[in-house]
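So this block is protein28.txt, compact mmCIF, N, CA and C atoms:
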# COMPACT_ATOMS: atom_id res chain seq x y z
N MET E 11 17.45 -40.15 64.65
CA MET E 11 17.16 -41.54 64.93
C MET E 11 18.43 -42.38 64.95
N LEU E 12 19.40 -42.02 64.14
CA LEU E 12 20.65 -42.76 64.12
C LEU E 12 21.64 -42.29 65.17
N ARG E 13 21.26 -41.26 65.93
CA ARG E 13 22.18 -40.73 66.94
C ARG E 13 22.48 -41.74 68.04
N ILE E 14 21.47 -42.44 68.51
CA ILE E 14 21.69 -43.37 69.62
C ILE E 14 22.61 -44.54 69.21
N PRO E 15 22.37 -45.22 68.09
CA PRO E 15 23.31 -46.28 67.70
C PRO E 15 24.72 -45.74 67.43
N ALA E 16 24.81 -44.56 66.82
CA ALA E 16 26.13 -43.98 66.57
C ALA E 16 26.81 -43.61 67.89
N GLY E 17 26.04 -43.07 68.83
CA GLY E 17 26.60 -42.73 70.13
C GLY E 17 27.06 -43.96 70.89
N LEU E 18 26.27 -45.03 70.84
CA LEU E 18 26.69 -46.28 71.48
C LEU E 18 27.95 -46.83 70.83
N ALA E 19 28.04 -46.71 69.51
CA ALA E 19 29.25 -47.18 68.81
C ALA E 19 30.46 -46.37 69.27
N VAL E 20 30.31 -45.07 69.44
CA VAL E 20 31.43 -44.23 69.91
C VAL E 20 31.82 -44.63 71.33
N LEU E 21 30.82 -44.83 72.21
CA LEU E 21 31.11 -45.24 73.59
C LEU E 21 31.83 -46.58 73.63
N LEU E 22 31.35 -47.54 72.85
CA LEU E 22 31.99 -48.85 72.81
C LEU E 22 33.38 -48.79 72.20
N LEU E 23 33.56 -47.95 71.20
CA LEU E 23 34.88 -47.79 70.58
C LEU E 23 35.89 -47.26 71.59
N PHE E 24 35.51 -46.22 72.34
CA PHE E 24 36.43 -45.67 73.32
C PHE E 24 36.68 -46.65 74.47
N ASN E 25 35.67 -47.42 74.83
CA ASN E 25 35.87 -48.46 75.84
C ASN E 25 36.88 -49.50 75.34
N PHE E 26 36.72 -49.92 74.09
CA PHE E 26 37.63 -50.89 73.50
C PHE E 26 39.05 -50.35 73.41
N VAL E 27 39.19 -49.11 72.98
CA VAL E 27 40.52 -48.49 72.89
C VAL E 27 41.15 -48.40 74.29
N GLY E 28 40.36 -48.04 75.28
CA GLY E 28 40.88 -47.99 76.65
C GLY E 28 41.34 -49.34 77.13
N GLN E 29 40.58 -50.38 76.80
CA GLN E 29 40.98 -51.75 77.17
C GLN E 29 42.30 -52.13 76.48
N LEU E 30 42.42 -51.77 75.21
CA LEU E 30 43.66 -52.07 74.48
C LEU E 30 44.86 -51.34 75.08
N VAL E 31 44.68 -50.08 75.41
CA VAL E 31 45.77 -49.29 76.00
C VAL E 31 46.17 -49.88 77.35
N ALA E 32 45.20 -50.21 78.19
CA ALA E 32 45.50 -50.78 79.50
C ALA E 32 46.20 -52.12 79.39
N HIS E 33 45.76 -52.93 78.44
CA HIS E 33 46.38 -54.25 78.27
C HIS E 33 47.77 -54.15 77.64
N HIS E 34 47.90 -53.30 76.63
CA HIS E 34 49.17 -53.20 75.91
C HIS E 34 50.29 -52.67 76.80
N TRP E 35 50.00 -51.63 77.56
CA TRP E 35 51.02 -51.04 78.42
C TRP E 35 50.96 -51.57 79.85
N GLN E 36 50.11 -52.56 80.10
CA GLN E 36 49.96 -53.20 81.40
C GLN E 36 49.81 -52.17 82.52
N LEU E 37 48.87 -51.26 82.30
CA LEU E 37 48.61 -50.20 83.27
C LEU E 37 47.75 -50.73 84.42
N PRO E 38 47.92 -50.19 85.62
CA PRO E 38 47.10 -50.66 86.75
C PRO E 38 45.72 -50.02 86.80
N LEU E 39 45.33 -49.31 85.76
CA LEU E 39 44.02 -48.66 85.69
C LEU E 39 43.07 -49.49 84.84
N PRO E 40 41.78 -49.46 85.15
CA PRO E 40 40.81 -50.18 84.30
C PRO E 40 40.74 -49.55 82.91
N GLY E 41 40.57 -50.39 81.92
CA GLY E 41 40.48 -49.91 80.55
C GLY E 41 39.30 -48.99 80.33
N ALA E 42 38.20 -49.24 81.04
CA ALA E 42 37.03 -48.38 80.89
C ALA E 42 37.34 -46.96 81.36
N LEU E 43 38.12 -46.83 82.42
CA LEU E 43 38.50 -45.50 82.91
C LEU E 43 39.39 -44.79 81.90
N ILE E 44 40.32 -45.49 81.33
CA ILE E 44 41.20 -44.90 80.32
C ILE E 44 40.36 -44.49 79.10
N GLY E 45 39.41 -45.32 78.71
CA GLY E 45 38.54 -44.98 77.59
C GLY E 45 37.70 -43.74 77.87
N MET E 46 37.22 -43.60 79.12
CA MET E 46 36.44 -42.40 79.45
C MET E 46 37.30 -41.15 79.40
N VAL E 47 38.54 -41.25 79.85
CA VAL E 47 39.43 -40.08 79.80
C VAL E 47 39.72 -39.72 78.35
N LEU E 48 39.97 -40.73 77.51
CA LEU E 48 40.19 -40.46 76.09
C LEU E 48 38.95 -39.86 75.44
N LEU E 49 37.77 -40.35 75.83
CA LEU E 49 36.52 -39.78 75.30
C LEU E 49 36.36 -38.33 75.74
N LEU E 50 36.69 -38.04 76.99
CA LEU E 50 36.61 -36.66 77.47
C LEU E 50 37.52 -35.75 76.67
N VAL E 51 38.75 -36.19 76.43
CA VAL E 51 39.69 -35.39 75.64
C VAL E 51 39.14 -35.18 74.23
N ALA E 52 38.59 -36.24 73.64
CA ALA E 52 38.04 -36.12 72.29
C ALA E 52 36.85 -35.18 72.26
N LEU E 53 35.97 -35.27 73.25
CA LEU E 53 34.80 -34.40 73.27
C LEU E 53 35.18 -32.94 73.49
N LEU E 54 36.24 -32.71 74.25
CA LEU E 54 36.67 -31.33 74.48
C LEU E 54 37.39 -30.73 73.28
N THR E 55 37.95 -31.57 72.44
CA THR E 55 38.74 -31.05 71.33
C THR E 55 38.03 -31.11 69.98
N VAL E 56 37.14 -32.06 69.77
CA VAL E 56 36.55 -32.26 68.45
C VAL E 56 35.45 -31.26 68.14
N GLY E 57 34.56 -31.02 69.07
CA GLY E 57 33.50 -30.06 68.82
C GLY E 57 32.14 -30.57 69.24
N ARG E 58 31.12 -29.81 68.87
CA ARG E 58 29.76 -30.08 69.32
C ARG E 58 29.10 -31.28 68.64
N SER E 59 29.51 -31.65 67.46
CA SER E 59 28.81 -32.72 66.74
C SER E 59 28.88 -34.04 67.50
N TRP E 60 30.02 -34.36 68.07
CA TRP E 60 30.15 -35.60 68.84
C TRP E 60 29.39 -35.52 70.14
N GLN E 61 29.34 -34.34 70.74
CA GLN E 61 28.69 -34.21 72.04
C GLN E 61 27.21 -34.55 71.96
N THR E 62 26.54 -34.13 70.91
CA THR E 62 25.12 -34.44 70.78
C THR E 62 24.91 -35.92 70.48
N THR E 63 25.79 -36.51 69.69
CA THR E 63 25.67 -37.93 69.36
C THR E 63 25.90 -38.80 70.58
N VAL E 64 26.98 -38.53 71.30
CA VAL E 64 27.30 -39.32 72.50
C VAL E 64 26.27 -39.04 73.59
N GLY E 65 25.82 -37.80 73.69
CA GLY E 65 24.81 -37.45 74.69
C GLY E 65 23.50 -38.18 74.48
N ALA E 66 23.10 -38.38 73.23
CA ALA E 66 21.86 -39.09 72.95
C ALA E 66 21.93 -40.54 73.42
N ALA E 67 23.10 -41.14 73.36
CA ALA E 67 23.25 -42.52 73.83
C ALA E 67 23.50 -42.58 75.32
N ALA E 68 24.15 -41.56 75.88
CA ALA E 68 24.52 -41.59 77.29
C ALA E 68 23.35 -41.25 78.21
N GLU E 69 22.43 -40.40 77.77
CA GLU E 69 21.32 -39.98 78.64
C GLU E 69 20.46 -41.14 79.12
N PRO E 70 20.04 -42.10 78.25
CA PRO E 70 19.28 -43.24 78.78
C PRO E 70 20.10 -44.11 79.74
N LEU E 71 21.39 -44.22 79.47
CA LEU E 71 22.25 -45.00 80.37
C LEU E 71 22.33 -44.34 81.74
N ILE E 72 22.47 -43.03 81.76
CA ILE E 72 22.56 -42.29 83.03
C ILE E 72 21.21 -42.34 83.76
N ALA E 73 20.12 -42.29 83.00
CA ALA E 73 18.79 -42.34 83.63
C ALA E 73 18.56 -43.67 84.36
N HIS E 74 19.19 -44.73 83.90
CA HIS E 74 19.03 -46.04 84.52
C HIS E 74 20.32 -46.49 85.21
N LEU E 75 21.07 -45.54 85.71
CA LEU E 75 22.36 -45.83 86.33
C LEU E 75 22.22 -46.74 87.55
N SER E 76 21.11 -46.63 88.27
CA SER E 76 20.93 -47.45 89.47
C SER E 76 20.94 -48.95 89.14
N LEU E 77 20.56 -49.33 87.93
CA LEU E 77 20.59 -50.74 87.55
C LEU E 77 22.01 -51.30 87.52
N PHE E 78 23.00 -50.43 87.31
CA PHE E 78 24.38 -50.90 87.26
C PHE E 78 24.92 -51.27 88.64
N PHE E 79 24.19 -50.92 89.69
CA PHE E 79 24.63 -51.25 91.04
C PHE E 79 24.07 -52.57 91.53
N ILE E 80 23.27 -53.25 90.73
CA ILE E 80 22.71 -54.54 91.14
C ILE E 80 23.82 -55.58 91.28
N ALA E 81 24.70 -55.68 90.31
CA ALA E 81 25.77 -56.69 90.35
C ALA E 81 26.71 -56.49 91.54
N PRO E 82 27.21 -55.26 91.81
CA PRO E 82 28.05 -55.11 93.00
C PRO E 82 27.32 -55.41 94.31
N THR E 83 26.04 -55.09 94.35
CA THR E 83 25.26 -55.38 95.56
C THR E 83 25.14 -56.88 95.77
N LEU E 84 24.86 -57.61 94.71
CA LEU E 84 24.80 -59.07 94.83
C LEU E 84 26.17 -59.65 95.20
N GLY E 85 27.22 -59.09 94.62
CA GLY E 85 28.56 -59.55 94.97
C GLY E 85 28.87 -59.32 96.43
N ALA E 86 28.49 -58.17 96.95
CA ALA E 86 28.71 -57.88 98.37
C ALA E 86 27.90 -58.82 99.24
N PHE E 87 26.69 -59.19 98.79
CA PHE E 87 25.86 -60.11 99.56
C PHE E 87 26.49 -61.49 99.63
N TYR E 88 26.97 -61.99 98.50
CA TYR E 88 27.53 -63.34 98.47
C TYR E 88 28.96 -63.41 98.99
N LEU E 89 29.64 -62.29 99.03
CA LEU E 89 31.02 -62.26 99.55
C LEU E 89 31.08 -61.59 100.91
N ALA E 90 30.02 -61.67 101.67
CA ALA E 90 29.94 -60.97 102.95
C ALA E 90 31.05 -61.41 103.91
N ASP E 91 31.38 -62.70 103.94
CA ASP E 91 32.42 -63.18 104.85
C ASP E 91 33.77 -62.57 104.50
N SER E 92 34.08 -62.54 103.22
CA SER E 92 35.35 -61.95 102.78
C SER E 92 35.39 -60.46 103.05
N LEU E 93 34.29 -59.76 102.81
CA LEU E 93 34.23 -58.33 103.07
C LEU E 93 34.31 -58.03 104.56
N GLN E 94 33.70 -58.88 105.38
CA GLN E 94 33.71 -58.65 106.81
C GLN E 94 35.13 -58.76 107.37
N ALA E 95 35.94 -59.63 106.79
CA ALA E 95 37.32 -59.78 107.25
C ALA E 95 38.14 -58.53 106.93
N GLN E 96 37.71 -57.78 105.93
CA GLN E 96 38.46 -56.58 105.51
C GLN E 96 37.67 -55.31 105.79
N LEU E 97 36.77 -55.35 106.74
CA LEU E 97 35.88 -54.22 107.00
C LEU E 97 36.63 -52.98 107.48
N LEU E 98 37.58 -53.14 108.38
CA LEU E 98 38.31 -51.98 108.91
C LEU E 98 39.13 -51.27 107.82
N PRO E 99 39.93 -52.00 107.02
CA PRO E 99 40.63 -51.29 105.93
C PRO E 99 39.68 -50.63 104.93
N LEU E 100 38.57 -51.30 104.61
CA LEU E 100 37.59 -50.71 103.69
C LEU E 100 37.01 -49.42 104.25
N PHE E 101 36.73 -49.41 105.55
CA PHE E 101 36.20 -48.21 106.19
C PHE E 101 37.17 -47.05 106.07
N PHE E 102 38.45 -47.30 106.36
CA PHE E 102 39.44 -46.22 106.30
C PHE E 102 39.69 -45.75 104.87
N VAL E 103 39.65 -46.66 103.92
CA VAL E 103 39.82 -46.26 102.52
C VAL E 103 38.64 -45.39 102.07
N LEU E 104 37.42 -45.79 102.43
CA LEU E 104 36.25 -44.98 102.08
C LEU E 104 36.28 -43.62 102.78
N LEU E 105 36.70 -43.60 104.03
CA LEU E 105 36.80 -42.34 104.76
C LEU E 105 37.85 -41.42 104.15
N ALA E 106 39.02 -41.97 103.85
CA ALA E 106 40.09 -41.16 103.26
C ALA E 106 39.71 -40.70 101.85
N GLY E 107 39.09 -41.57 101.07
CA GLY E 107 38.68 -41.19 99.71
C GLY E 107 37.63 -40.09 99.72
N THR E 108 36.69 -40.18 100.65
CA THR E 108 35.66 -39.15 100.76
C THR E 108 36.27 -37.82 101.19
N ALA E 109 37.16 -37.86 102.16
CA ALA E 109 37.81 -36.63 102.62
C ALA E 109 38.64 -36.00 101.51
N LEU E 110 39.36 -36.82 100.75
CA LEU E 110 40.16 -36.30 99.64
C LEU E 110 39.28 -35.70 98.55
N ALA E 111 38.17 -36.36 98.22
CA ALA E 111 37.25 -35.83 97.21
C ALA E 111 36.65 -34.51 97.65
N MET E 112 36.28 -34.42 98.92
CA MET E 112 35.71 -33.17 99.43
C MET E 112 36.74 -32.04 99.41
N ALA E 113 37.98 -32.35 99.78
CA ALA E 113 39.03 -31.33 99.77
C ALA E 113 39.30 -30.84 98.35
N LEU E 114 39.38 -31.77 97.40
CA LEU E 114 39.61 -31.37 96.01
C LEU E 114 38.45 -30.57 95.45
N LEU E 115 37.23 -30.93 95.82
CA LEU E 115 36.07 -30.17 95.38
C LEU E 115 36.08 -28.77 95.96
N ALA E 116 36.48 -28.63 97.23
CA ALA E 116 36.56 -27.31 97.84
C ALA E 116 37.60 -26.45 97.13
N LEU E 117 38.75 -27.04 96.79
CA LEU E 117 39.78 -26.30 96.05
C LEU E 117 39.28 -25.88 94.67
N LEU E 118 38.54 -26.76 94.00
CA LEU E 118 38.01 -26.44 92.69
C LEU E 118 36.99 -25.31 92.77
N VAL E 119 36.10 -25.36 93.76
CA VAL E 119 35.10 -24.31 93.93
C VAL E 119 35.78 -22.98 94.24
N ARG E 120 36.80 -23.01 95.09
CA ARG E 120 37.53 -21.79 95.42
C ARG E 120 38.22 -21.21 94.18
N ALA E 121 38.82 -22.08 93.36
CA ALA E 121 39.49 -21.60 92.15
C ALA E 121 38.49 -21.01 91.16
N LEU E 122 37.34 -21.67 91.01
CA LEU E 122 36.33 -21.13 90.10
C LEU E 122 35.72 -19.84 90.61
N ALA E 123 35.54 -19.74 91.91
CA ALA E 123 34.98 -18.52 92.49
C ALA E 123 35.94 -17.34 92.35
N SER E 124 37.23 -17.60 92.46
CA SER E 124 38.20 -16.51 92.35
C SER E 124 38.33 -16.02 90.90
N ARG E 125 37.98 -16.88 89.95
CA ARG E 125 38.02 -16.49 88.53
C ARG E 125 36.76 -15.78 88.10
N GLY E 126 35.78 -15.76 88.95
CA GLY E 126 34.51 -15.14 88.59
C GLY E 126 33.49 -16.12 88.09
N GLY E 127 33.67 -17.41 88.39
CA GLY E 127 32.71 -18.42 87.99
C GLY E 127 33.04 -19.03 86.65
N PRO E 128 32.29 -20.03 86.25
CA PRO E 128 32.53 -20.68 84.96
C PRO E 128 32.19 -19.75 83.80
N ARG E 129 32.90 -19.91 82.73
CA ARG E 129 32.70 -19.03 81.57
C ARG E 129 32.03 -19.74 80.45

As structure tokens - that is how I would like this structure written.
Amino acid sequence: MLRIPAGLAVLLLFNFVGQLVAHHWQLPLPGALIGMVLLLVALLTVGRSWQTTVGAAAEPLIAHLSLFFIAPTLGAFYLADSLQAQLLPLFFVLLAGTALAMALLALLVRALASRGGPR
């Protein structure tokens, strides 16, 4: 029963630490991204006890992930004129990002297949 509040506390703590790191070193990355990377490193090194605690808090958030897209959708609706002026660069950035993600995924699948799959 205490897993969800403890998991939320861990998620918020890593988010806060990521924000502090980004602000302190004036990094061009969002603090939330830095916090997620730090959380990933912690989950890979600490052990199973944190994974179940964080998982209990993360599963409901992931189940309702579509709700997190409401704000960007409203922003796109109200900023349509500004977005329309930058439509061509946005298209090429999305195209290049998708192609890069697909290429990296293909390399990862090839590397995992040559090792005999995940262990």

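The list of residues with at least one atom within 8 Å of segment 23-35 of chain E, based on only N, CA and C atoms and without residues fewer than 4 positions apart in the same chain, reads Gly17, Leu18, Ala19, Leu39, Pro40, Gly41, Ala42, Leu43, Ile44, Gly45, Met46, Val47, Leu48 and Leu49 of chain E.
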
Distance in Å - atom N of Thr55 of chain E versus atom N of Leu114 of chain E: 25.0 Å

Atom C of Leu110 of chain E to atom CA of Ala90 of chain E, straight-line distance in Å: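 It comes out at 27.3 Å.
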
Every residue of segment 17-113 of chain E that DSSP places in alpha helix (DSSP H), as a ChimeraX atom specification: /E:17-34,41-56,58-73,80-88,90-95,97-113
